[in-house]
Structures are given as structure tokens and as C-alpha cells.
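K.L.:
Please read through the structure below; I'll follow up with questions.
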Amino acid sequence: MAVDRYAYYQRMKVLAHATRTKHNVVTGAFGLREMRRVYKLEGIQLDLWPHKMRTIRAAYFLEDGQPSVLLKKSMKPVEPRLFALAHELKHHLVDQDLARSQRLECAADFSSGSPIEIGAEIFAAEFIFPEDEFVDWLDRELGKGACGADEIVRLKRQSPAKVSYAFIVKRLEWLGRIQRGAFKGFKFQNHEHRLYGVPFYLRLRRIR
């Protein structure tokens, strides 16, 4: 796919904003229920795959004119599930010609550098939490202050959008607020438990 990557990625951002407007998306009130509504209005069938999918988190199909998304059922946290569904929405809006000839499988690690997949990641990020909204929120929360592990945990806990630690770290890297790779492999969930304690539901699960 020979493309001007920068121009392509900018188009994906514009498309994300247009799609948010079309479906009346409000950042702080958008979750899985609202995403299922978007899928219904777009005519996308959603199927939860109960079997093991080691490297694939979701896939987009277009067979006999019927678009469908296969989602890994065991992906329990809301944030990665929501992001995966937004990623597949980009394929529905942009990549149907490609989907007619092959299944678009989306892995957790996009090491191939495919502009189609990177474009879907950019679309999903902008659709769930637009960059301009993120920057305004970040300035209110941190100003120009430090952005260490403690601050990232606090940002995640106070985020108006349902986003993961990986989302926040990537955005902070993109904005130049943290060095790229500075938190590679860092266990933010464990750090959150150290700072704020283990949630009751997790303590109850351990007891059982």
C-alpha cells in the first residue's frame, strides 16, 4: 500500500471526528453500550469468539455484503475491548474493499508497521478520546508538571474517557510529555494497587 502516511493518518483523524459527530459521541459518556449502538446503526454484526485466540484480539469480515466483527470474548477489561471495537469500526468505514478479499485480523502487537493497521489505531484513539480534548484535560490535571508513574496512575483513574494505561502512555509519548519507551514493561496496575490499595472485588476474588 503506497500512501503518504502522514496524510492518510490525518484523514483517519478527520474521519474519527466526523463519525463521532454522526453518532453523537460524548467522550465522558461513551462505553461499550454506546459502541454497540454505533455498530447496530452501521449494520455491523458483533460476534464474541469463545475459543482461544493467542495473537488475534479481533477481526473484521465482509461476506455477502454483511459486515461483522469477531471479538475475543476473554478480553474482559472495558478499555481494550472498547478500543478494539473502535479499531474494527475504522476497517468497516475505510477498508471494505480489502475485507472482501481477506479477513482483517487485528493483533495486540502491531509490529508490522502496516499503515492500514496503524491508521485504525489512530482512528480508534481519536474516536474514543480526541487529542485536543486530551490536551485540554491534561493541562487542567497536570499543567506543565512532571509526568511520572504516580501521575500516570492518577490520570488513568481520573480520565473522562474509558482508556487503558497503554493509551495514556502512548499519548504522553506522542505529545512529548514522557520519553518514548520510558515505561516499557512497567506494571501500572500493580503500581496503582500500591498507591491506592487493591480493589474490593479483587480481594474478594483472591479469598474465593
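Following the order of the C-alpha cells, chains are lettered A, B, ..., residues in each are numbered from 1, and ligands are numbered from 1.
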Based on the backbone DSSP call, show me all residues of stretch 34-110 of chain A assigned helix (DSSP H, G or I), as JSON, numbers by chain.
P.N.:
{"A": [34, 35, 36, 37, 38, 39, 40, 41, 42, 78, 79, 80, 81, 82, 83, 84, 85, 86, 87, 88, 89, 90, 91, 92, 93, 94, 96, 97, 98, 99]}
K.L.:
Set the distance at 12 Å and use only C-alpha atoms: which residues neighbour A:Glu79 once local chain neighbours fewer than 5 positions away are removed? I'd like the list as a list in words.
P.N.:
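Result of the neighbour search: Phe30, Gly31, Leu32, Met35, Ala84, Leu85, Ala86, Ala124, Ala125, Ile128, Phe129, Lys156, Ser159, Ala161, Lys162, Val163, Ser164, Tyr165, Ala166, Phe167 and Ile168 of chain A.
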K.L.:
Pick out the residues sitting within 12 Å of A:Val135, and hand them over as a count of residues only; count only C-alpha atoms, and ignore anything fewer than 3 positions along from it in its own chain.
P.N.:
19
K.L.:
Applying 12 Å and only C-alpha atoms, which residues near A:Thr19 remain after dropping the ones on its own chain fewer than 4 positions away? List them as a list in words.
P.N.:
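The neighbour list is Met12, Lys13, Val14, Leu15, His23, Asn24, Val25, Val26, Met35, Val38, Tyr39, Leu41, Glu42, Ala86, Leu89, Lys90, His92, Leu93, Val94, Phe123, Ala124, Glu126, Phe127, Ile128 and Pro130 of chain A.
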K.L.:
Write out as a VMD selection string which residues come within 10 Å of A:Leu98 when counting only C-alpha atoms, dropping same-chain ones fewer than 5 positions away.
P.N.:
chain A and resid 61 to 62 91 103 to 104
K.L.:
Which residue out of A:Ile116, A:Leu48, A:Ile122, A:Leu82 has the minimum interatomic distance to A:Ser68 when only C-alpha atoms are used?
P.N.:
A:Leu48
K.L.:
Given the choices A:Gly43, A:Arg33, A:Glu105, A:Ser114, which gets closest to A:Arg57 if the distance is worked out from only C-alpha atoms?
P.N.:
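That would be A:Glu105, the residue with the smallest distance to A:Arg57.
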K.L.:
At what distance in Å, to one decimal, does atom CA of A:Pro67 lie from atom CA of A:Arg36?
P.N.:
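Value for the atom CA of A:Arg36-atom CA of A:Pro67 distance: 14.0 Å.
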K.L.:
Can you tell me, as a PyMOL selection string, what residues are no more than 12 Å from A:Lys184 when counting only C-alpha atoms, ignoring any on the same chain fewer than 4 positions away?
P.N.:
chain A and resi 149+165-166+169-170+173+178-180+188
K.L.:
Within 7 Å of A:Val69, counting only C-alpha atoms, which residues show up once you throw out same-chain ones fewer than 6 positions away? Write them as a list in words, please.
P.N.:
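Once the adjacent positions are removed, what remains is Ile44, Gln45, Leu46, Asp47, Ala58, Ala59, Tyr60, Phe61 and Glu88 of chain A.
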